[in-house]
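> My structure file data_4.cif, mmCIF, C-alpha atoms, is below:
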```
data_protein
loop_
_atom_site.label_atom_id
_atom_site.label_comp_id
_atom_site.auth_asym_id
_atom_site.auth_seq_id
_atom_site.Cartn_x
_atom_site.Cartn_y
_atom_site.Cartn_z
CA MET A 9 34.25 8.38 141.21
CA LEU A 10 34.02 10.01 137.79
CA PRO A 11 37.16 11.06 135.97
CA GLN A 12 37.85 14.70 135.79
CA ILE A 13 38.17 16.22 132.44
CA GLU A 14 40.49 19.02 131.72
CA ASP A 15 39.18 22.25 130.40
CA SER A 16 41.58 21.99 127.52
CA ASP A 17 40.15 18.63 126.56
CA ARG A 18 36.50 19.85 126.57
CA PRO A 19 35.00 20.61 123.22
CA GLN A 20 34.47 24.15 122.69
CA THR A 21 30.99 23.98 121.38
CA GLY A 22 30.20 27.55 121.81
CA GLY A 23 32.95 28.75 119.43
CA GLN A 24 32.22 26.21 116.71
CA SER A 25 28.55 27.04 116.86
CA ARG A 26 29.19 30.62 116.20
CA THR A 27 31.45 29.85 113.24
CA LEU A 28 28.89 27.59 111.50
CA ASN A 29 26.09 30.01 112.09
CA ASP A 30 28.14 32.75 110.60
CA VAL A 31 28.77 30.67 107.44
CA ALA A 32 25.11 29.74 107.14
CA VAL A 33 24.08 33.27 107.58
CA GLY A 34 26.64 34.40 104.95
CA ASN A 35 25.55 31.77 102.32
CA ARG A 36 21.84 32.32 102.75
CA PRO A 37 21.63 35.52 100.47
CA HIS A 38 23.42 33.66 97.63
CA LYS A 39 20.83 30.92 97.66
CA ARG A 40 18.10 33.50 97.47
CA TRP A 41 19.15 35.06 94.11
CA LEU A 42 20.68 31.97 92.46
CA ALA A 43 17.40 30.25 91.67
CA PRO A 44 15.74 33.33 90.15
CA ALA A 45 18.87 33.97 88.10
CA ILE A 46 18.75 30.48 86.69
CA VAL A 47 15.08 30.89 85.94
CA LEU A 48 15.72 34.20 84.23
CA ILE A 49 18.52 32.72 82.17
CA VAL A 50 16.32 29.83 81.09
CA VAL A 51 13.43 32.16 80.25
CA ALA A 52 15.74 34.47 78.30
CA ALA A 53 17.19 31.52 76.43
CA LEU A 54 13.70 30.30 75.60
CA LEU A 55 12.61 33.75 74.49
CA THR A 56 15.74 34.18 72.36
CA TRP A 57 15.28 30.77 70.77
CA GLY A 58 11.62 31.49 70.11
CA ILE A 59 12.30 34.87 68.56
CA ARG A 60 15.06 33.49 66.36
CA SER A 61 12.89 30.59 65.22
CA ARG A 62 10.06 32.97 64.39
CA VAL A 63 12.38 35.29 62.47
CA SER A 64 13.87 32.33 60.60
CA ALA A 65 10.42 30.94 59.86
CA ARG A 66 9.29 34.32 58.60
CA LYS A 67 12.30 34.61 56.33
CA THR A 68 11.71 31.13 55.01
CA LEU A 69 8.04 31.94 54.49
CA ASN A 70 8.89 35.13 52.63
CA VAL A 71 11.34 33.29 50.38
CA GLU A 72 8.84 30.54 49.70
CA THR A 73 6.09 33.08 49.10
CA ALA A 74 8.30 34.98 46.67
CA GLN A 75 9.17 31.76 44.90
CA VAL A 76 5.55 30.75 44.67
CA ALA A 77 4.60 34.25 43.48
CA ARG A 78 7.11 34.00 40.54
CA THR A 79 5.45 32.41 37.51
CA ALA A 80 7.21 29.36 36.12
CA VAL A 81 7.70 29.69 32.35
CA SER A 82 9.33 27.80 29.50
CA VAL A 83 11.31 29.80 26.97
CA VAL A 84 12.64 29.31 23.47
CA SER A 85 15.27 31.14 21.46
CA PRO A 86 14.42 32.41 17.95
CA LYS A 87 15.67 30.33 15.04
CA ARG A 88 17.21 32.20 12.13
CA THR A 89 15.67 31.36 8.78
CA ALA A 90 17.62 29.63 6.02
CA PRO A 91 19.45 31.84 3.46
CA ALA A 92 17.03 30.66 0.76
CA GLN A 93 13.43 30.00 1.59
CA GLU A 94 11.40 27.62 -0.55
CA ILE A 95 7.91 28.71 -1.47
CA VAL A 96 5.32 26.54 -3.19
CA LEU A 97 2.87 28.24 -5.55
CA PRO A 98 0.23 26.97 -7.99
CA GLY A 99 1.11 27.11 -11.67
CA ASN A 100 -0.77 26.70 -14.95
CA VAL A 101 1.00 24.58 -17.57
CA GLN A 102 0.44 25.98 -21.05
CA PRO A 103 1.92 25.17 -24.46
CA PHE A 104 4.65 27.34 -25.89
CA ILE A 105 2.39 28.12 -28.87
CA SER A 106 -1.36 27.63 -28.91
CA SER A 107 -3.58 28.75 -31.76
CA PRO A 108 -7.22 28.39 -32.79
CA ILE A 109 -7.66 27.71 -36.50
CA TYR A 110 -10.47 29.76 -38.11
CA ALA A 111 -11.79 29.75 -41.66
CA ARG A 112 -11.17 32.80 -43.87
CA THR A 113 -13.98 32.04 -46.27
CA ASN A 114 -17.67 31.16 -46.00
CA GLY A 115 -18.97 27.79 -47.09
CA TYR A 116 -19.62 24.21 -46.02
CA LEU A 117 -17.07 21.77 -44.67
CA ARG A 118 -16.42 19.14 -47.31
CA LYS A 119 -13.94 16.98 -45.37
CA TRP A 120 -11.58 16.99 -42.39
CA TYR A 121 -8.36 14.96 -42.25
CA VAL A 122 -7.14 15.15 -38.63
CA ASP A 123 -8.77 14.61 -35.26
CA ILE A 124 -7.84 15.36 -31.63
CA GLY A 125 -4.46 14.03 -30.57
CA ALA A 126 -3.06 14.07 -34.09
CA HIS A 127 0.52 15.29 -34.44
CA VAL A 128 0.66 17.56 -37.46
CA LYS A 129 3.45 19.27 -39.36
CA GLN A 130 3.52 22.84 -40.59
CA GLY A 131 1.64 23.11 -43.91
CA GLN A 132 -0.26 19.85 -43.46
CA LEU A 133 -3.82 19.84 -44.85
CA LEU A 134 -6.40 19.76 -42.09
CA ALA A 135 -9.76 20.26 -43.86
CA VAL A 136 -11.41 21.43 -47.09
CA ILE A 137 -14.33 23.87 -47.39
CA ASP A 138 -16.75 24.08 -50.30
CA ALA A 139 -17.33 27.72 -51.29
CA PRO A 140 -19.20 27.74 -54.64
CA GLU A 141 -19.81 31.49 -54.49
CA ILE A 142 -16.10 32.16 -54.39
CA ASP A 143 -15.48 29.75 -57.25
CA GLN A 144 -18.13 31.46 -59.41
CA GLN A 145 -16.83 34.92 -58.57
CA LEU A 146 -13.33 33.80 -59.52
CA GLU A 147 -14.51 32.46 -62.89
CA GLN A 148 -16.34 35.72 -63.58
CA SER A 149 -13.30 37.71 -62.59
CA LEU A 150 -11.10 35.64 -64.90
CA SER A 151 -13.51 36.28 -67.79
CA ASN A 152 -13.44 39.99 -67.10
CA LEU A 153 -9.67 39.86 -67.02
CA ASN A 154 -9.52 38.10 -70.38
CA THR A 155 -11.89 40.71 -71.88
CA ALA A 156 -9.77 43.51 -70.49
CA LYS A 157 -6.64 41.91 -71.92
CA ALA A 158 -8.27 41.63 -75.37
CA ASN A 159 -9.31 45.27 -75.28
CA LEU A 160 -5.79 46.18 -74.18
CA ALA A 161 -4.28 44.28 -77.10
CA LEU A 162 -6.60 46.04 -79.58
CA ALA A 163 -5.86 49.40 -78.00
CA GLU A 164 -2.14 48.70 -78.26
CA ILE A 165 -2.45 47.89 -81.99
CA THR A 166 -4.49 51.03 -82.61
CA LYS A 167 -2.02 53.17 -80.68
CA ASN A 168 0.95 51.81 -82.63
CA ARG A 169 -0.84 52.28 -85.96
CA TYR A 170 -1.83 55.85 -85.23
CA GLN A 171 1.64 56.74 -84.04
CA GLY A 172 3.04 55.36 -87.32
CA LEU A 173 0.52 57.25 -89.44
CA LEU A 174 1.20 60.42 -87.46
CA LYS A 175 4.77 60.46 -88.78
CA SER A 176 3.48 60.77 -92.32
CA ASN A 177 0.71 63.20 -91.28
CA ALA A 178 -1.90 60.66 -92.36
CA VAL A 179 -3.83 61.19 -89.10
CA SER A 180 -4.18 64.14 -86.86
CA GLN A 181 -2.42 64.54 -83.54
CA GLN A 182 -5.79 64.34 -81.82
CA ASP A 183 -6.54 60.90 -83.22
CA SER A 184 -3.12 59.69 -82.10
CA ASP A 185 -3.63 61.03 -78.58
CA ASN A 186 -7.04 59.36 -78.35
CA ALA A 187 -5.50 56.02 -79.30
CA VAL A 188 -2.79 56.41 -76.64
CA GLY A 189 -5.37 57.33 -73.99
CA THR A 190 -7.53 54.34 -74.86
CA TYR A 191 -4.51 52.06 -74.51
CA ASN A 192 -3.63 53.48 -71.07
CA ALA A 193 -7.22 53.11 -69.85
CA ASN A 194 -7.38 49.50 -70.96
CA GLN A 195 -4.04 48.85 -69.28
CA ALA A 196 -5.47 50.15 -65.98
CA ILE A 197 -8.59 47.98 -66.41
CA VAL A 198 -6.40 44.90 -66.88
CA ALA A 199 -4.45 45.73 -63.69
CA ALA A 200 -7.71 46.13 -61.73
CA ASN A 201 -9.05 42.83 -63.01
CA GLN A 202 -5.78 41.10 -62.16
CA ALA A 203 -6.00 42.38 -58.56
CA ASN A 204 -9.58 41.17 -58.30
CA VAL A 205 -8.55 37.74 -59.57
CA ARG A 206 -5.72 37.56 -57.05
CA GLN A 207 -8.11 38.47 -54.23
CA LEU A 208 -10.58 35.77 -55.23
CA GLN A 209 -7.77 33.26 -55.69
CA ALA A 210 -6.62 34.05 -52.15
CA LEU A 211 -10.16 33.52 -50.86
CA GLN A 212 -10.36 30.28 -52.82
CA SER A 213 -7.07 29.14 -51.28
CA PHE A 214 -8.66 29.58 -47.84
CA GLU A 215 -11.00 26.73 -48.75
CA LYS A 216 -8.14 24.49 -47.67
CA ILE A 217 -7.12 24.67 -44.01
CA TYR A 218 -3.42 24.07 -43.29
CA ALA A 219 -1.50 23.68 -40.04
CA PRO A 220 0.40 26.89 -39.25
CA PHE A 221 3.11 25.10 -37.21
CA ASP A 222 4.15 21.70 -35.89
CA GLY A 223 1.94 20.67 -33.01
CA VAL A 224 -0.87 18.56 -31.65
CA VAL A 225 -4.55 18.96 -32.47
CA THR A 226 -6.24 19.47 -29.12
CA ALA A 227 -9.75 20.26 -30.39
CA ARG A 228 -11.92 19.69 -33.47
CA ASN A 229 -15.05 21.80 -33.41
CA THR A 230 -16.53 21.01 -36.81
CA ASP A 231 -17.80 18.14 -38.91
CA ILE A 232 -18.69 17.39 -42.51
CA GLY A 233 -21.53 19.57 -43.79
CA ASP A 234 -21.20 22.26 -41.12
CA LEU A 235 -21.82 25.83 -42.24
CA ILE A 236 -18.55 27.73 -41.91
CA ASN A 237 -18.43 31.45 -41.16
CA SER A 238 -15.22 33.23 -41.97
CA GLY A 239 -13.24 34.55 -39.01
CA SER A 240 -13.41 38.06 -40.44
CA SER A 241 -17.21 38.14 -40.54
CA GLY A 242 -19.28 39.82 -37.87
CA GLY A 243 -21.14 36.63 -36.88
CA VAL A 244 -20.34 34.01 -34.32
CA LYS A 245 -16.80 32.75 -34.78
CA THR A 246 -15.94 29.14 -34.05
CA ASP A 247 -12.46 27.76 -34.39
CA LEU A 248 -12.41 24.66 -36.58
CA PHE A 249 -9.36 23.22 -34.84
CA HIS A 250 -7.13 24.08 -31.94
CA ILE A 251 -3.44 23.28 -32.23
CA SER A 252 -0.82 23.43 -29.47
CA GLN A 253 2.93 23.06 -29.54
CA PRO A 254 3.91 21.06 -26.40
CA GLY A 255 7.64 20.61 -27.06
CA THR A 256 8.35 23.53 -24.72
CA LEU A 257 5.86 24.49 -22.04
CA ARG A 258 5.15 27.81 -20.39
CA VAL A 259 4.19 27.73 -16.72
CA TYR A 260 2.62 30.94 -15.46
CA VAL A 261 2.81 31.62 -11.71
CA ASN A 262 1.42 34.50 -9.65
CA VAL A 263 4.00 35.34 -6.99
CA PRO A 264 2.73 37.24 -3.91
CA GLU A 265 3.99 40.79 -3.61
CA GLU A 266 6.13 40.11 -0.52
CA TYR A 267 8.23 37.62 -2.53
CA SER A 268 8.40 39.74 -5.70
CA GLN A 269 11.85 41.20 -4.94
CA GLY A 270 13.33 37.72 -4.53
CA VAL A 271 12.38 36.28 -7.92
CA LYS A 272 14.87 37.04 -10.68
CA THR A 273 15.16 36.02 -14.30
CA GLY A 274 17.41 32.99 -14.71
CA MET A 275 16.62 31.25 -11.42
CA THR A 276 15.51 27.63 -11.54
CA ALA A 277 12.21 26.17 -10.40
CA ASP A 278 11.01 22.62 -9.71
CA LEU A 279 7.59 21.44 -10.77
CA SER A 280 5.65 18.62 -9.12
CA LEU A 281 2.41 17.21 -10.46
CA ALA A 282 -0.11 14.91 -8.83
CA GLU A 283 0.09 12.44 -11.72
CA PHE A 284 3.84 12.02 -11.19
CA PRO A 285 4.27 11.35 -7.44
CA GLY A 286 7.84 11.62 -6.23
CA ARG A 287 9.04 13.12 -9.51
CA THR A 288 10.01 16.69 -10.27
CA PHE A 289 10.55 18.58 -13.51
CA GLN A 290 13.03 21.43 -13.69
CA GLY A 291 12.28 24.70 -15.39
CA LYS A 292 13.84 28.12 -15.77
CA LEU A 293 12.34 31.52 -15.01
CA VAL A 294 12.63 33.40 -18.32
CA ARG A 295 10.60 36.58 -17.75
CA THR A 296 8.41 38.49 -15.34
CA ALA A 297 5.69 41.06 -15.84
CA ASP A 298 7.77 43.67 -13.94
CA ALA A 299 4.52 44.99 -12.47
CA ILE A 300 2.28 44.08 -9.55
CA ASN A 301 -1.30 43.24 -10.45
CA VAL A 302 -3.41 45.76 -8.54
CA THR A 303 -6.27 43.27 -8.18
CA THR A 304 -4.40 40.25 -6.85
CA ARG A 305 -1.26 42.03 -5.57
CA THR A 306 0.87 39.41 -7.31
CA LEU A 307 3.70 39.38 -9.84
CA LEU A 308 3.15 37.24 -12.95
CA ILE A 309 6.21 35.19 -13.91
CA GLU A 310 6.82 32.73 -16.76
CA ILE A 311 8.78 29.50 -16.36
CA GLN A 312 9.80 27.45 -19.40
CA VAL A 313 10.06 23.68 -19.16
CA ASP A 314 11.46 21.42 -21.88
CA ASN A 315 9.00 18.68 -22.81
CA PRO A 316 10.49 16.91 -25.86
CA ALA A 317 8.74 13.60 -25.21
CA GLY A 318 5.39 15.21 -24.44
CA THR A 319 5.37 13.77 -20.93
CA LEU A 320 3.65 16.79 -19.45
CA LEU A 321 0.23 17.64 -20.77
CA THR A 322 -0.81 21.18 -21.50
CA GLY A 323 -3.44 22.61 -19.18
CA SER A 324 -2.13 20.67 -16.20
CA TYR A 325 -1.98 22.02 -12.65
CA ALA A 326 1.49 22.07 -11.12
CA GLU A 327 3.04 23.04 -7.82
CA VAL A 328 6.00 25.29 -8.48
CA HIS A 329 8.84 25.24 -5.92
CA LEU A 330 10.89 28.44 -5.89
CA LYS A 331 13.86 29.15 -3.64
CA VAL A 332 13.61 32.82 -2.75
CA PRO A 333 16.41 34.55 -0.77
CA ALA A 334 15.28 35.28 2.79
CA GLN A 335 15.87 38.51 4.73
CA ALA A 336 18.91 38.45 7.00
CA SER A 337 16.93 39.65 10.04
CA THR A 338 14.15 37.08 9.77
CA TYR A 339 13.57 34.61 12.61
CA LEU A 340 11.20 31.72 13.20
CA LEU A 341 9.11 31.28 16.34
CA PRO A 342 6.45 28.77 17.37
CA VAL A 343 2.99 30.25 16.99
CA ASN A 344 2.23 29.54 20.66
CA THR A 345 4.65 32.31 21.69
CA LEU A 346 2.49 35.09 20.26
CA ILE A 347 0.53 37.50 22.45
CA PHE A 348 -2.36 39.32 20.81
CA ARG A 349 -2.98 42.74 22.30
CA SER A 350 -4.94 45.77 21.18
CA LYS A 351 -1.68 47.55 20.33
CA GLY A 352 -0.55 44.78 18.02
CA LEU A 353 1.35 41.52 18.11
CA HIS A 354 3.76 40.99 21.03
CA VAL A 355 5.96 38.31 22.54
CA GLY A 356 7.15 37.95 26.13
CA VAL A 357 10.94 38.17 26.43
CA VAL A 358 12.63 37.26 29.74
CA LYS A 359 15.37 39.68 30.80
CA ASP A 360 16.98 39.55 34.26
CA GLY A 361 14.15 37.39 35.57
CA LYS A 362 11.45 39.82 34.46
CA VAL A 363 9.06 39.90 31.51
CA VAL A 364 9.46 42.49 28.76
CA LEU A 365 6.56 42.61 26.31
CA THR A 366 8.15 43.23 22.90
CA ALA A 367 6.26 44.30 19.78
CA VAL A 368 7.13 42.18 16.72
CA THR A 369 6.38 42.35 13.01
CA PRO A 370 5.14 39.04 11.60
CA GLY A 371 6.12 37.67 8.22
CA HIS A 372 4.76 34.53 6.62
CA ASP A 373 2.61 32.09 8.55
CA LEU A 374 4.13 28.62 8.11
CA GLY A 375 1.53 26.73 10.12
CA ASP A 376 3.12 25.75 13.43
CA GLU A 377 5.79 28.44 13.00
CA ILE A 378 5.70 32.07 11.98
CA GLU A 379 8.30 34.41 10.57
CA ILE A 380 9.28 37.45 12.63
CA VAL A 381 10.88 40.10 10.42
CA ALA A 382 11.41 42.77 13.07
CA GLY A 383 11.50 43.14 16.87
CA LEU A 384 13.64 40.15 17.91
CA LYS A 385 17.29 39.39 18.58
CA ALA A 386 19.06 36.07 18.25
CA ASP A 387 19.75 35.76 22.02
CA ASP A 388 16.23 36.64 23.20
CA GLN A 389 14.43 34.17 25.45
CA VAL A 390 10.80 34.10 24.36
CA ILE A 391 8.11 32.67 26.62
CA ILE A 392 6.15 29.68 25.31
CA ASN A 393 2.40 29.63 25.99
CA PRO A 394 2.37 32.94 27.92
CA PRO A 395 -0.72 33.53 30.11
CA ASP A 396 -3.14 36.22 29.00
CA SER A 397 -2.55 38.15 32.22
CA ILE A 398 1.20 38.48 31.74
CA THR A 399 2.54 42.03 32.01
CA SER A 400 5.84 43.82 31.57
CA GLY A 401 7.98 43.79 34.72
CA GLN A 402 6.40 40.60 36.09
CA GLU A 403 8.92 38.29 37.75
CA VAL A 404 9.15 34.82 36.27
CA GLU A 405 11.22 31.73 36.74
CA ILE A 406 12.57 29.80 33.76
CA VAL A 407 11.95 26.08 34.20
CA GLN A 408 12.80 24.94 30.67
CA ALA A 409 14.80 26.53 27.87
CA THR A 410 14.66 25.29 24.27
CA LEU A 411 17.53 25.80 21.86
CA PRO A 412 16.89 27.21 18.35
CA GLY A 413 17.69 23.88 16.74
CA ASP A 414 15.08 22.11 18.88
CA ILE A 415 12.15 24.05 17.40
CA LYS A 416 9.99 21.64 15.44
#
```
Would you write out, as structure tokens, the structure that this file holds?

Amino acid sequence: MLPQIEDSDRPQTGGQSRTLNDVAVGNRPHKRWLAPAIVLIVVAALLTWGIRSRVSARKTLNVETAQVARTAVSVVSPKRTAPAQEIVLPGNVQPFISSPIYARTNGYLRKWYVDIGAHVKQGQLLAVIDAPEIDQQLEQSLSNLNTAKANLALAEITKNRYQGLLKSNAVSQQDSDNAVGTYNANQAIVAANQANVRQLQALQSFEKIYAPFDGVVTARNTDIGDLINSGSSGGVKTDLFHISQPGTLRVYVNVPEEYSQGVKTGMTADLSLAEFPGRTFQGKLVRTADAINVTTRTLLIEIQVDNPAGTLLTGSYAEVHLKVPAQASTYLLPVNTLIFRSKGLHVGVVKDGKVVLTAVTPGHDLGDEIEIVAGLKADDQVIINPPDSITSGQEVEIVQATLPGDIK
């Protein structure tokens, strides 16, 4: 017989079933929208991440593009020139005194006593000329003078006699006056003959050639037996000798016009010659022409150099070193900074990362450097090797900056 089970002990399946079904039914809508929400969140996150990465990549690309678009340049700062700028100019070394020696009488050269290189003293005999015509004319003139003197002596005696007889009325006044007039005429003839003799004696003295000053004979252009034409004649004139005085030398230099205001009387100059390597000779600027030569546009200056031992030879070529004061606003730049445009010479100056094409006025070309006398400031940053296509306002990036003292 089966045991009986109480109603209270029976599981109440019907009630529990309803409760679970109700829970399942209540949770089922949540499960429906949870999965799409998660998907939407994931998709949104992916979209957001993708958009941000694209925006970031675009920004990076723009920055890189801008950096690539900016031209990389090297710059240099102008170097101020020294207070005194040395210029080197060619100079002609000449003697302090140089003179050709001409003959003053016609004839033939009898003998010469000095040759080239001879050191002579003032008044030293150099040569003798034979001039027989002058000698004969002098003898004739002396004879005429003696005749005139004899006539003068006779006229003086006659004059004195007549003047004595006139006191006793032994002769007429007319005879006395004639005697006085004859005496005066003979006196004038004697004076004329004396002048003629002196002239011929002077011409005869020119038969001997003397040195006019102490110096060195640099040329002898005659020889024994040569026909000599006087320097005053209208024919071809040839100097018999050429004498120079080399104790003090004159060096003439043509200074370009742009340096003319810097050269002043009293400044010193150094001379260098090829035959004396490593050695310099000091001179002094003693005078200038005070005028610009319209043909060469140069100023002629004279420099004197003491040469007591005769070390320097006249006629030499010398390089003259002059220290000329420089302009205060002058700068030096490498030549590879220059930009040649149709409107003139320019340089590229970097300001606030951009190029400013600046017109400049050039000075002297020193080879690898050039003077800039206007258009620059000391703190300017000038582009080295600028491209031909560079323009004002173009953005650039400085990759190397050179200090003024680093310019070579």
> Work out how far atom CA of A:Gln312 is from atom CA of A:Leu257, in Å to one decimal.
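Atom CA of A:Gln312 lies at a distance of 5.6 Å from atom CA of A:Leu257.
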> Considering only C-alpha atoms, return as a list in words whatever protein or nucleic-acid residues lie within 9 Å of stretch 165-177 of chain A, sequence-local ones (same chain, fewer than 3 positions apart) excluded.
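Non-adjacent residues within range: Leu160, Ala161, Leu162, Ser180, Gln181, Asp183, Ser184, Asp185, Asn186, Ala187, Val188, Gly189, Thr190 and Tyr191 of chain A.
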> What do you get, as number ranges by chain, if you spell out every residue that the PyMOL selection byres ((chain A and resi 214-217) around 9) selects here?
A: 109-115, 117, 131-139, 209-213, 218-219
> Atoms to include: C-alpha atoms. Write the selected residues as a PDB file, in the frame of the given file.

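Result written to again25.pdb:
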```
ATOM      1  CA  ILE A 109      -7.660  27.710 -36.500  1.00  0.00           C
ATOM      2  CA  TYR A 110     -10.470  29.760 -38.110  1.00  0.00           C
ATOM      3  CA  ALA A 111     -11.790  29.750 -41.660  1.00  0.00           C
ATOM      4  CA  ARG A 112     -11.170  32.800 -43.870  1.00  0.00           C
ATOM      5  CA  THR A 113     -13.980  32.040 -46.270  1.00  0.00           C
ATOM      6  CA  ASN A 114     -17.670  31.160 -46.000  1.00  0.00           C
ATOM      7  CA  GLY A 115     -18.970  27.790 -47.090  1.00  0.00           C
ATOM      8  CA  LEU A 117     -17.070  21.770 -44.670  1.00  0.00           C
ATOM      9  CA  GLY A 131       1.640  23.110 -43.910  1.00  0.00           C
ATOM     10  CA  GLN A 132      -0.260  19.850 -43.460  1.00  0.00           C
ATOM     11  CA  LEU A 133      -3.820  19.840 -44.850  1.00  0.00           C
ATOM     12  CA  LEU A 134      -6.400  19.760 -42.090  1.00  0.00           C
ATOM     13  CA  ALA A 135      -9.760  20.260 -43.860  1.00  0.00           C
ATOM     14  CA  VAL A 136     -11.410  21.430 -47.090  1.00  0.00           C
ATOM     15  CA  ILE A 137     -14.330  23.870 -47.390  1.00  0.00           C
ATOM     16  CA  ASP A 138     -16.750  24.080 -50.300  1.00  0.00           C
ATOM     17  CA  ALA A 139     -17.330  27.720 -51.290  1.00  0.00           C
ATOM     18  CA  GLN A 209      -7.770  33.260 -55.690  1.00  0.00           C
ATOM     19  CA  ALA A 210      -6.620  34.050 -52.150  1.00  0.00           C
ATOM     20  CA  LEU A 211     -10.160  33.520 -50.860  1.00  0.00           C
ATOM     21  CA  GLN A 212     -10.360  30.280 -52.820  1.00  0.00           C
ATOM     22  CA  SER A 213      -7.070  29.140 -51.280  1.00  0.00           C
ATOM     23  CA  TYR A 218      -3.420  24.070 -43.290  1.00  0.00           C
ATOM     24  CA  ALA A 219      -1.500  23.680 -40.040  1.00  0.00           C
TER      25      ALA A 219
END
```
> Can you translate the PyMOL selection byres ((chain A and resi 262) around 6) into the concrete residues it hits in this file, as a list in words?
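On the file shown, the PyMOL selection byres ((chain A and resi 262) around 6) covers Val261, Val263, Thr306, Leu307 and Leu308 of chain A.
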> With C-alpha atoms kept, could you save the residues just selected as a compact mmCIF listing (two decimals), in the coordinates of the input?

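Final output, result28.txt:
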```
# COMPACT_ATOMS: atom_id res chain seq x y z
CA VAL A 261 2.81 31.62 -11.71
CA VAL A 263 4.00 35.34 -6.99
CA THR A 306 0.87 39.41 -7.31
CA LEU A 307 3.70 39.38 -9.84
CA LEU A 308 3.15 37.24 -12.95
```
> What are the closest atom pairs, with distances in Å to one decimal, for each residue of stretch 50-155 of chain A lying within 10 Å of stretch 346-359 of chain A, using all atoms listed in the file, rows by chain and rising residue number, as JSON lines?

```
{"residue": "A:Val81", "atom": "CA", "partner": "A:Val358", "partner_atom": "CA", "distance": 9.4}
{"residue": "A:Val83", "atom": "CA", "partner": "A:Val358", "partner_atom": "CA", "distance": 8.1}
{"residue": "A:Val84", "atom": "CA", "partner": "A:Val357", "partner_atom": "CA", "distance": 9.5}
{"residue": "A:Ser85", "atom": "CA", "partner": "A:Val357", "partner_atom": "CA", "distance": 9.6}
```
> Could you tell me which residues the PyMOL selection byres ((chain A and resi 320) around 10) grabs in this file, written as a PyMOL selection string?
chain A and resi 101-103+254-257+281+283-284+289+313-319+321-324
> Only all heavy atoms, as a CSV table (one decimal), in the first residue's frame: that is what I want for stretch 141-145 of chain A.

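Once everything was written out, this is result-v2.csv:
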```csv
chain,number,residue,atom,x,y,z
A,141,GLU,N,136.0,125.6,-85.2
A,141,GLU,CA,135.4,126.8,-85.6
A,141,GLU,C,135.3,127.8,-84.5
A,141,GLU,O,135.5,129.0,-84.7
A,141,GLU,CB,134.0,126.5,-86.2
A,141,GLU,CG,134.0,125.7,-87.5
A,141,GLU,CD,134.0,124.2,-87.1
A,141,GLU,OE1,134.2,123.9,-85.9
A,141,GLU,OE2,133.8,123.4,-88.1
A,142,ILE,N,134.9,127.3,-83.3
A,142,ILE,CA,134.8,128.2,-82.2
A,142,ILE,C,136.1,128.8,-81.8
A,142,ILE,O,136.2,130.0,-81.5
A,142,ILE,CB,134.1,127.5,-81.0
A,142,ILE,CG1,132.7,127.0,-81.4
A,142,ILE,CG2,134.1,128.4,-79.8
A,142,ILE,CD1,131.7,128.1,-81.7
A,143,ASP,N,137.1,128.0,-81.9
A,143,ASP,CA,138.5,128.5,-81.5
A,143,ASP,C,138.9,129.6,-82.4
A,143,ASP,O,139.5,130.6,-82.0
A,143,ASP,CB,139.5,127.3,-81.5
A,143,ASP,CG,139.1,126.2,-80.5
A,143,ASP,OD1,138.4,126.5,-79.5
A,143,ASP,OD2,139.5,125.1,-80.7
A,144,GLN,N,138.7,129.4,-83.8
A,144,GLN,CA,139.1,130.4,-84.7
A,144,GLN,C,138.3,131.7,-84.6
A,144,GLN,O,138.8,132.8,-84.7
A,144,GLN,CB,138.9,129.8,-86.1
A,144,GLN,CG,139.9,128.7,-86.5
A,144,GLN,CD,141.3,129.1,-86.5
A,144,GLN,OE1,141.7,130.3,-86.8
A,144,GLN,NE2,142.2,128.2,-86.0
A,145,GLN,N,137.0,131.5,-84.3
A,145,GLN,CA,136.2,132.7,-84.1
A,145,GLN,C,136.6,133.5,-82.9
A,145,GLN,O,136.6,134.7,-82.8
A,145,GLN,CB,134.7,132.3,-84.0
A,145,GLN,CG,134.1,131.8,-85.3
A,145,GLN,CD,132.7,131.3,-85.1
A,145,GLN,OE1,132.1,131.5,-84.1
A,145,GLN,NE2,132.2,130.6,-86.1
```
